[in-house]
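Asks: Have a peek at run39.tsv (TSV, C-alpha atoms).
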```
chain	number	residue	atom	x	y	z
A	1	MET	CA	18.33	-14.97	6.94
A	2	LYS	CA	17.52	-11.34	6.20
A	3	LYS	CA	13.91	-10.40	6.78
A	4	LEU	CA	12.01	-7.58	5.19
A	5	GLU	CA	9.41	-5.48	6.95
A	6	LEU	CA	6.96	-3.16	5.21
A	7	VAL	CA	4.87	-0.55	7.01
A	8	TYR	CA	2.05	1.25	5.21
A	9	THR	CA	-0.20	3.98	6.53
A	10	THR	CA	-3.31	5.43	4.96
A	11	PHE	CA	-5.98	7.80	6.25
A	12	ILE	CA	-9.51	6.95	5.21
A	13	ARG	CA	-12.69	8.96	5.69
A	14	THR	CA	-14.78	6.21	7.26
A	15	THR	CA	-15.47	4.51	10.60
A	16	PRO	CA	-13.44	1.68	12.17
A	17	LYS	CA	-16.47	-0.65	11.87
A	18	LYS	CA	-16.86	-0.04	8.14
A	19	LEU	CA	-13.14	-0.42	7.59
A	20	TRP	CA	-13.07	-3.67	9.55
A	21	ALA	CA	-15.97	-4.97	7.46
A	22	ALA	CA	-14.21	-3.90	4.25
A	23	ILE	CA	-11.20	-6.02	5.23
A	24	THR	CA	-12.98	-9.07	6.66
A	25	GLN	CA	-16.13	-9.46	4.57
A	26	PRO	CA	-15.48	-10.93	1.13
A	27	GLU	CA	-18.46	-9.20	-0.52
A	28	PHE	CA	-16.81	-5.85	0.30
A	29	ALA	CA	-13.17	-6.84	-0.17
A	30	SER	CA	-13.85	-8.27	-3.63
A	31	GLN	CA	-14.91	-4.79	-4.77
A	32	TYR	CA	-11.48	-3.25	-4.25
A	33	TRP	CA	-9.08	-6.22	-3.99
A	34	GLY	CA	-9.09	-7.44	-7.58
A	35	GLY	CA	-12.28	-9.45	-7.17
A	36	ARG	CA	-10.89	-11.47	-4.28
A	37	GLY	CA	-12.03	-11.57	-0.68
A	38	ASN	CA	-10.60	-12.64	2.66
A	39	ILE	CA	-12.46	-15.62	4.07
A	40	SER	CA	-12.50	-16.72	7.71
A	41	ASP	CA	-14.65	-16.64	10.83
A	42	TRP	CA	-11.94	-14.25	12.15
A	43	LYS	CA	-11.54	-16.04	15.48
A	44	LYS	CA	-8.09	-16.45	16.96
A	45	GLY	CA	-6.57	-19.71	15.75
A	46	SER	CA	-8.94	-20.04	12.76
A	47	PRO	CA	-7.67	-20.42	9.21
A	48	TRP	CA	-8.15	-17.62	6.71
A	49	TYR	CA	-7.54	-17.41	2.99
A	50	HIS	CA	-7.57	-14.86	0.18
A	51	SER	CA	-9.49	-16.09	-2.83
A	52	GLU	CA	-11.97	-15.40	-5.58
A	53	ASP	CA	-15.51	-16.80	-5.15
A	54	GLY	CA	-14.61	-18.22	-1.74
A	55	LYS	CA	-12.82	-21.23	-3.23
A	56	LEU	CA	-10.03	-22.52	-1.00
A	57	ASP	CA	-8.35	-24.48	-3.81
A	58	GLU	CA	-7.88	-21.24	-5.74
A	59	ALA	CA	-6.59	-19.23	-2.79
A	60	CYS	CA	-3.49	-17.16	-3.51
A	61	VAL	CA	-2.79	-16.49	0.18
A	62	VAL	CA	-3.46	-18.78	3.14
A	63	GLY	CA	-2.80	-18.38	6.84
A	64	GLU	CA	-4.06	-18.37	10.41
A	65	VAL	CA	-5.75	-15.68	12.48
A	66	LEU	CA	-3.20	-14.90	15.20
A	67	GLU	CA	-5.04	-12.04	16.90
A	68	SER	CA	-8.50	-10.59	16.33
A	69	HIS	CA	-9.79	-7.52	18.16
A	70	PRO	CA	-12.57	-5.96	16.04
A	71	PRO	CA	-12.52	-3.17	14.99
A	72	LYS	CA	-8.99	-2.34	16.14
A	73	ARG	CA	-6.38	-4.94	15.45
A	74	LEU	CA	-6.07	-8.03	13.29
A	75	VAL	CA	-2.92	-10.15	13.02
A	76	LEU	CA	-2.64	-12.87	10.38
A	77	SER	CA	0.00	-15.30	9.26
A	78	TRP	CA	0.45	-15.10	5.50
A	79	ALA	CA	1.78	-17.68	3.05
A	80	ASP	CA	1.62	-18.45	-0.64
A	81	PRO	CA	0.05	-21.96	-0.92
A	82	ASP	CA	2.88	-22.86	-3.36
A	83	ARG	CA	5.49	-21.97	-0.71
A	84	PRO	CA	3.83	-22.91	2.60
A	85	ALA	CA	7.10	-22.82	4.55
A	86	GLU	CA	7.65	-19.12	3.81
A	87	ILE	CA	5.37	-17.66	6.45
A	88	SER	CA	5.18	-13.92	6.97
A	89	ARG	CA	2.92	-11.89	9.23
A	90	VAL	CA	0.44	-9.10	8.55
A	91	THR	CA	-0.91	-6.74	11.18
A	92	PHE	CA	-3.80	-4.36	10.54
A	93	GLU	CA	-4.10	-1.52	13.06
A	94	LEU	CA	-7.18	0.72	12.90
A	95	GLU	CA	-7.15	3.93	14.86
A	96	PRO	CA	-10.06	6.40	14.79
A	97	LEU	CA	-9.16	10.07	14.27
A	98	THR	CA	-11.67	12.94	14.18
A	99	ASP	CA	-13.48	12.16	10.92
A	100	MET	CA	-11.12	9.51	9.63
A	101	VAL	CA	-9.50	6.24	10.49
A	102	SER	CA	-5.78	5.70	10.29
A	103	LEU	CA	-5.05	2.27	8.91
A	104	ARG	CA	-1.60	0.85	9.36
A	105	VAL	CA	-0.57	-2.38	7.68
A	106	ILE	CA	2.64	-3.96	8.89
A	107	HIS	CA	3.84	-6.87	6.79
A	108	GLY	CA	6.82	-8.39	8.53
A	109	GLN	CA	8.98	-11.52	8.59
A	110	ILE	CA	9.14	-11.59	4.80
A	111	LYS	CA	12.11	-13.42	3.32
A	112	ALA	CA	14.15	-10.66	1.66
A	113	GLY	CA	14.47	-11.00	-2.11
A	114	SER	CA	11.70	-13.64	-2.28
A	115	GLU	CA	8.78	-13.78	-4.69
A	116	THR	CA	6.50	-12.83	-1.77
A	117	ALA	CA	8.65	-9.75	-1.07
A	118	LYS	CA	8.31	-8.68	-4.69
A	119	ASN	CA	4.56	-9.33	-4.88
A	120	VAL	CA	3.50	-7.74	-1.62
A	121	SER	CA	5.68	-4.64	-1.94
A	122	ARG	CA	4.01	-4.00	-5.29
A	123	GLY	CA	0.57	-5.08	-4.15
A	124	TRP	CA	-0.04	-3.28	-0.85
A	125	PRO	CA	0.18	0.35	-2.07
A	126	LEU	CA	-2.26	-0.50	-4.84
A	127	VAL	CA	-4.67	-2.44	-2.61
A	128	LEU	CA	-4.61	0.25	0.08
A	129	SER	CA	-5.29	3.12	-2.34
A	130	SER	CA	-8.07	1.03	-3.86
A	131	LEU	CA	-9.52	0.38	-0.37
A	132	LYS	CA	-9.43	4.11	0.37
A	133	SER	CA	-11.09	4.90	-2.93
A	134	TYR	CA	-13.75	2.21	-2.34
A	135	LEU	CA	-14.68	3.48	1.13
A	136	GLU	CA	-14.63	7.17	0.18
A	137	THR	CA	-16.19	7.06	-3.28
A	138	GLY	CA	-17.88	3.65	-3.42
A	139	LYS	CA	-15.55	2.58	-6.21
A	140	GLY	CA	-12.31	0.61	-5.94
A	141	LEU	CA	-9.43	0.85	-8.40
A	142	ASP	CA	-8.40	-1.66	-11.01
A	143	VAL	CA	-6.30	-4.13	-9.04
A	144	SER	CA	-5.11	-6.99	-11.20
A	145	CYS	CA	-3.90	-10.13	-9.45
A	146	GLY	CA	-0.61	-9.27	-7.80
A	147	HIS	CA	0.12	-12.88	-6.89
B	1	MET	CA	-3.05	15.97	1.83
B	2	LEU	CA	-1.66	15.86	-1.71
B	3	ASP	CA	-0.29	19.42	-1.29
B	4	ALA	CA	1.88	18.12	1.53
B	5	VAL	CA	3.05	15.22	-0.65
B	6	PHE	CA	4.09	17.50	-3.52
B	7	LYS	CA	5.80	19.88	-1.12
B	8	ALA	CA	7.66	17.03	0.54
B	9	LEU	CA	8.83	15.68	-2.83
B	10	ALA	CA	9.97	19.09	-4.06
B	11	ASP	CA	13.31	18.79	-2.28
B	12	ALA	CA	16.33	16.75	-3.34
B	13	SER	CA	17.41	15.92	0.22
B	14	ARG	CA	14.00	14.54	1.07
B	15	ARG	CA	13.93	12.48	-2.11
B	16	LYS	CA	17.36	11.14	-1.12
B	17	LEU	CA	15.97	10.13	2.27
B	18	LEU	CA	13.15	8.23	0.55
B	19	ASP	CA	15.73	6.53	-1.71
B	20	GLN	CA	17.67	5.49	1.40
B	21	LEU	CA	14.54	3.90	2.85
B	22	PHE	CA	13.78	2.22	-0.46
B	23	LYS	CA	17.22	0.59	-0.29
B	24	SER	CA	16.81	-0.44	3.32
B	25	ASN	CA	13.41	-0.06	4.95
B	26	GLY	CA	13.00	0.65	8.68
B	27	GLN	CA	16.01	2.80	9.60
B	28	THR	CA	16.72	4.90	12.68
B	29	LEU	CA	17.65	8.57	12.50
B	30	GLY	CA	21.28	7.64	13.19
B	31	GLU	CA	21.38	5.11	10.34
B	32	LEU	CA	19.86	7.63	7.94
B	33	CYS	CA	22.34	10.33	8.97
B	34	ALA	CA	25.27	7.99	8.34
B	35	HIS	CA	24.52	7.96	4.60
B	36	LEU	CA	23.80	11.65	4.14
B	37	ASP	CA	25.86	14.78	4.13
B	38	MET	CA	23.46	16.68	6.37
B	39	THR	CA	23.28	17.67	10.02
B	40	ARG	CA	21.17	15.57	12.34
B	41	GLN	CA	18.86	18.57	12.84
B	42	ALA	CA	18.33	18.96	9.09
B	43	VAL	CA	17.55	15.25	8.69
B	44	THR	CA	15.09	15.43	11.62
B	45	LYS	CA	13.34	18.38	9.98
B	46	HIS	CA	13.10	16.63	6.61
B	47	LEU	CA	11.82	13.44	8.25
B	48	ARG	CA	9.09	15.39	10.01
B	49	LEU	CA	7.91	16.87	6.71
B	50	LEU	CA	7.93	13.44	5.09
B	51	GLU	CA	5.99	12.02	8.04
B	52	ASP	CA	3.42	14.85	7.83
B	53	ALA	CA	2.97	14.06	4.14
B	54	ASN	CA	2.49	10.40	5.09
B	55	LEU	CA	5.39	9.39	2.85
B	56	ILE	CA	7.04	7.63	5.75
B	57	SER	CA	5.52	5.52	8.52
B	58	VAL	CA	7.12	5.66	11.92
B	59	VAL	CA	7.21	2.67	14.26
B	60	TRP	CA	8.60	2.63	17.78
B	61	ARG	CA	10.56	-0.52	18.71
B	62	GLY	CA	11.42	-0.08	22.36
B	63	ARG	CA	13.44	3.13	22.44
B	64	GLU	CA	14.20	3.05	18.72
B	65	LYS	CA	12.20	5.09	16.26
B	66	LEU	CA	12.21	3.33	12.89
B	67	HIS	CA	11.31	5.01	9.60
B	68	TYR	CA	9.59	3.11	6.79
B	69	LEU	CA	8.89	4.20	3.25
B	70	ASN	CA	5.13	4.56	2.74
B	71	PRO	CA	4.37	4.69	-0.99
B	72	VAL	CA	0.56	4.77	-0.58
B	73	PRO	CA	0.23	8.56	-1.20
B	74	LEU	CA	2.38	8.19	-4.34
B	75	HIS	CA	-0.21	5.77	-5.60
B	76	GLU	CA	-2.90	8.33	-4.94
B	77	ILE	CA	-0.94	10.85	-7.03
B	78	TYR	CA	-0.58	8.25	-9.75
B	79	GLU	CA	-4.32	7.61	-9.73
B	80	ARG	CA	-5.22	11.29	-9.56
B	81	TRP	CA	-2.75	12.60	-12.16
B	82	ILE	CA	-0.67	10.13	-14.11
B	83	GLY	CA	-3.15	7.31	-14.74
B	84	LYS	CA	-5.73	9.82	-15.90
B	85	TYR	CA	-3.48	11.38	-18.54
B	86	GLU	CA	-2.12	8.02	-19.55
B	87	GLY	CA	-5.72	7.05	-20.31
B	88	GLU	CA	-6.09	10.34	-22.19
B	89	GLY	CA	-2.93	9.46	-24.12
B	90	HIS	CA	-4.44	6.16	-25.19
B	91	ARG	CA	-7.53	7.94	-26.42
B	92	LEU	CA	-5.42	10.51	-28.32
B	93	GLN	CA	-3.41	7.68	-29.85
B	94	ALA	CA	-6.63	5.94	-30.87
B	95	LEU	CA	-7.93	9.19	-32.45
B	96	SER	CA	-4.66	9.71	-34.26
B	97	ASP	CA	-4.76	6.14	-35.62
B	98	LEU	CA	-8.37	6.65	-36.69
B	99	LYS	CA	-7.45	9.89	-38.46
B	100	LYS	CA	-4.58	8.21	-40.29
B	101	GLY	CA	-6.85	5.35	-41.29
B	102	LEU	CA	-9.52	7.73	-42.60
B	103	GLU	CA	-6.98	9.81	-44.53
B	104	LYS	CA	-5.65	6.66	-46.14
B	105	ASN	CA	-9.14	5.65	-47.24
B	106	GLU	CA	-9.98	9.11	-48.51
B	107	ASN	CA	-6.91	9.20	-50.70
B	108	PRO	CA	-6.87	6.17	-53.02
B	109	LYS	CA	-3.38	7.07	-54.22
B	110	GLY	CA	-1.99	7.23	-50.66
```
Kindly transcribe the structure held in the file into structure tokens.

Replies:
Amino acid sequence: MKKLELVYTTFIRTTPKKLWAAITQPEFASQYWGGRGNISDWKKGSPWYHSEDGKLDEACVVGEVLESHPPKRLVLSWADPDRPAEISRVTFELEPLTDMVSLRVIHGQIKAGSETAKNVSRGWPLVLSSLKSYLETGKGLDVSCGH
Amino acid sequence: MLDAVFKALADASRRKLLDQLFKSNGQTLGELCAHLDMTRQAVTKHLRLLEDANLISVVWRGREKLHYLNPVPLHEIYERWIGKYEGEGHRLQALSDLKKGLEKNENPKG
């Protein structure tokens, strides 16, 4: 089966700690990620989910924390709860530069041509520019539900 | 940063390279060269400009250097330029509708 891999890079004027918090703390994520946050204790092996108001039954992405090295590297499995067998993998890599952080998001093992492929390839550029805008200006962009 | 993006996009060969990556993401230099009527050196030069503009992400897999399309800066251009004027367009449309509506009301025969 053909697999799709997406690799996104963005440079954000912030610190790795703030960026890590923006990804892992729902009260921050909900301000740039269409009102939804990522919920987990972020320990290796723990579940995580992407949802509004912290409700698991309304999650539009679910998965497991595969690696967690704050504030440098986070690896998650990623699945649509309606298609739990289609599991892809997301890696966040944070690398400090002089006055910025380079954030790389690698979304791999996606089934080519799938609904997930369509959704995430549309969603990530929007979410990442909104994240950049949120951290640099305090205001995210209008991100409607891409799922 | 956006200057570099505009500069990188202002060249047909570089846009072609981005189209190639859109069709098949994560290609090596050799794979990209196979589809293009350009020397390896020219492709390398174009790829470097695209990388500097952050329009492609580069990932090393063992000894292979893979190139991925990175549309994030295009989104920033959209937000900075296109979205803004689109919003302006909506306002102009609304004003134009309002004007038409007012003219209609002012002219009982119309």

Asks: Give me the residues within 10 Å of Pro84 in chain A as JSON, numbers by chain, counting only C-alpha atoms and dropping any in the same chain fewer than 5 places off.

Replies: {"A": [61, 62, 63, 78, 79]}

Asks: Deliver the residues from the most recent selection as a file, using C-alpha atoms, as a JSON list (two decimals), in the frame of the given file.

Replies:
```
[["chain", "number", "residue", "atom", "x", "y", "z"],
["A", 61, "VAL", "CA", -2.79, -16.49, 0.18],
["A", 62, "VAL", "CA", -3.46, -18.78, 3.14],
["A", 63, "GLY", "CA", -2.80, -18.38, 6.84],
["A", 78, "TRP", "CA", 0.45, -15.10, 5.50],
["A", 79, "ALA", "CA", 1.78, -17.68, 3.05]]
```

Asks: Measuring atom to atom with only C-alpha atoms, identify which of B:Gln20, B:Ser13, B:Gln41, B:Asn54 is nearest to chain A.

Replies: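 For chain A, the nearest of the given residues is B:Asn54.
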
Asks: May I have the residues of chain A within 6 Å of chain B, counting only C-alpha atoms, written as number ranges by chain?

Replies: A: 7-8, 125

Asks: Which residues are close to Leu50 in chain B, i.e. within 8 Å by all atoms listed in the file, leaving aside same-chain residues fewer than 6 positions away? Reply as a list in words.

Replies: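 Neighbouring residues, sequence-local ones excluded: Val5, Ala8, Arg14 and Ile56 of chain B.
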
Asks: At what distance in Å, to one decimal, does CA of Ala53 in chain B lie from CA of Asp99 in chain A?

Replies: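 Interatomic distance, CA of Asp99 in chain A to CA of Ala53 in chain B: 17.9 Å.
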
Asks: Could you tell me which of A:His107, A:Lys132, A:His69, A:Lys18 comes closest to Ile87 in chain A if we count only C-alpha atoms?

Replies: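 Comparing A:His107, A:Lys132, A:His69, A:Lys18 against Ile87 in chain A, the winner is A:His107.
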
Asks: Would you compute the distance between CA of Leu47 in chain B and CA of Leu17 in chain B? Give it in Å to one decimal.

Replies: 8.0 Å

Asks: Counting all atoms listed in the file, which of A:Ile23, A:Val90, A:Val120, A:Leu131 gets nearest to Leu76 in chain A?

Replies: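 Nearest candidate to Leu76 in chain A out of A:Ile23, A:Val90, A:Val120, A:Leu131: A:Val90.
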
Asks: How far is it from CA of Thr44 in chain B to CA of Gly30 in chain B, in Å with one decimal?

Replies: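 So the two atoms, CA of Thr44 in chain B and CA of Gly30 in chain B, lie 10.1 Å apart.
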
Asks: So, counting all atoms listed in the file, which residue among A:Tyr134, A:Trp124, A:Trp42, A:Phe92 is closest to Gln25 in chain A?

Replies: A:Trp42

Asks: Given all atoms listed in the file as the basis, pick out the residue of A:Arg36, A:Lys2, A:His50, A:Lys72 nearest to Ser102 in chain A.

Replies: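 Among the listed residues, A:Lys72 lies closest to Ser102 in chain A.
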
Asks: Which residue, B:Thr28, B:Ile82, B:His46, B:Phe22, has the smallest gap to Lys65 in chain B when you use all atoms listed in the file?

Replies: B:Thr28

Asks: For range 86-103 of chain A in the structure I just supplied, write out N, CA, C and O atoms - as a compact mmCIF listing (two decimals), in the first residue's frame.

Replies:
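File produced: decode-v3.txt:
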```txt
# COMPACT_ATOMS: atom_id res chain seq x y z
N GLU A 86 -6.66 2.93 10.53
CA GLU A 86 -5.76 3.75 9.70
C GLU A 86 -4.90 4.61 10.61
O GLU A 86 -5.25 5.73 10.94
N ILE A 87 -3.77 4.07 11.03
CA ILE A 87 -2.94 4.79 12.00
C ILE A 87 -1.75 5.43 11.29
O ILE A 87 -0.99 4.75 10.59
N SER A 88 -1.62 6.74 11.45
CA SER A 88 -0.45 7.41 10.91
C SER A 88 0.39 7.92 12.09
O SER A 88 0.06 7.64 13.25
N ARG A 89 1.45 8.64 11.78
CA ARG A 89 2.38 9.04 12.84
C ARG A 89 2.82 10.49 12.66
O ARG A 89 3.19 10.88 11.55
N VAL A 90 2.77 11.25 13.74
CA VAL A 90 3.17 12.65 13.67
C VAL A 90 4.36 12.90 14.58
O VAL A 90 4.35 12.50 15.75
N THR A 91 5.38 13.54 14.04
CA THR A 91 6.56 13.90 14.82
C THR A 91 6.70 15.41 14.84
O THR A 91 6.66 16.05 13.79
N PHE A 92 6.82 15.98 16.03
CA PHE A 92 7.12 17.40 16.18
C PHE A 92 8.59 17.52 16.59
O PHE A 92 9.00 16.90 17.58
N GLU A 93 9.36 18.29 15.84
CA GLU A 93 10.76 18.52 16.21
C GLU A 93 10.96 20.01 16.42
O GLU A 93 10.71 20.80 15.51
N LEU A 94 11.42 20.39 17.60
CA LEU A 94 11.63 21.80 17.94
C LEU A 94 13.13 22.04 18.06
O LEU A 94 13.80 21.35 18.84
N GLU A 95 13.60 23.00 17.31
CA GLU A 95 15.04 23.27 17.36
C GLU A 95 15.27 24.76 17.55
O GLU A 95 14.86 25.57 16.71
N PRO A 96 15.92 25.17 18.67
CA PRO A 96 16.13 26.60 18.88
C PRO A 96 17.16 27.16 17.90
O PRO A 96 18.18 26.54 17.63
N LEU A 97 16.85 28.34 17.35
CA LEU A 97 17.82 29.08 16.53
C LEU A 97 18.13 30.35 17.33
O LEU A 97 17.73 30.43 18.49
N THR A 98 18.76 31.35 16.75
CA THR A 98 19.14 32.51 17.56
C THR A 98 17.96 33.12 18.33
O THR A 98 17.92 33.05 19.55
N ASP A 99 17.01 33.71 17.60
CA ASP A 99 15.87 34.31 18.30
C ASP A 99 14.56 33.63 17.89
O ASP A 99 13.49 34.19 18.04
N MET A 100 14.69 32.43 17.35
CA MET A 100 13.51 31.74 16.85
C MET A 100 13.60 30.26 17.20
O MET A 100 14.62 29.78 17.67
N VAL A 101 12.51 29.57 16.90
CA VAL A 101 12.53 28.12 17.00
C VAL A 101 12.08 27.58 15.65
O VAL A 101 11.11 28.07 15.07
N SER A 102 12.81 26.60 15.16
CA SER A 102 12.36 25.93 13.95
C SER A 102 11.49 24.77 14.38
O SER A 102 11.88 23.95 15.22
N LEU A 103 10.29 24.75 13.86
CA LEU A 103 9.37 23.65 14.16
C LEU A 103 9.18 22.83 12.91
O LEU A 103 8.82 23.36 11.85
```
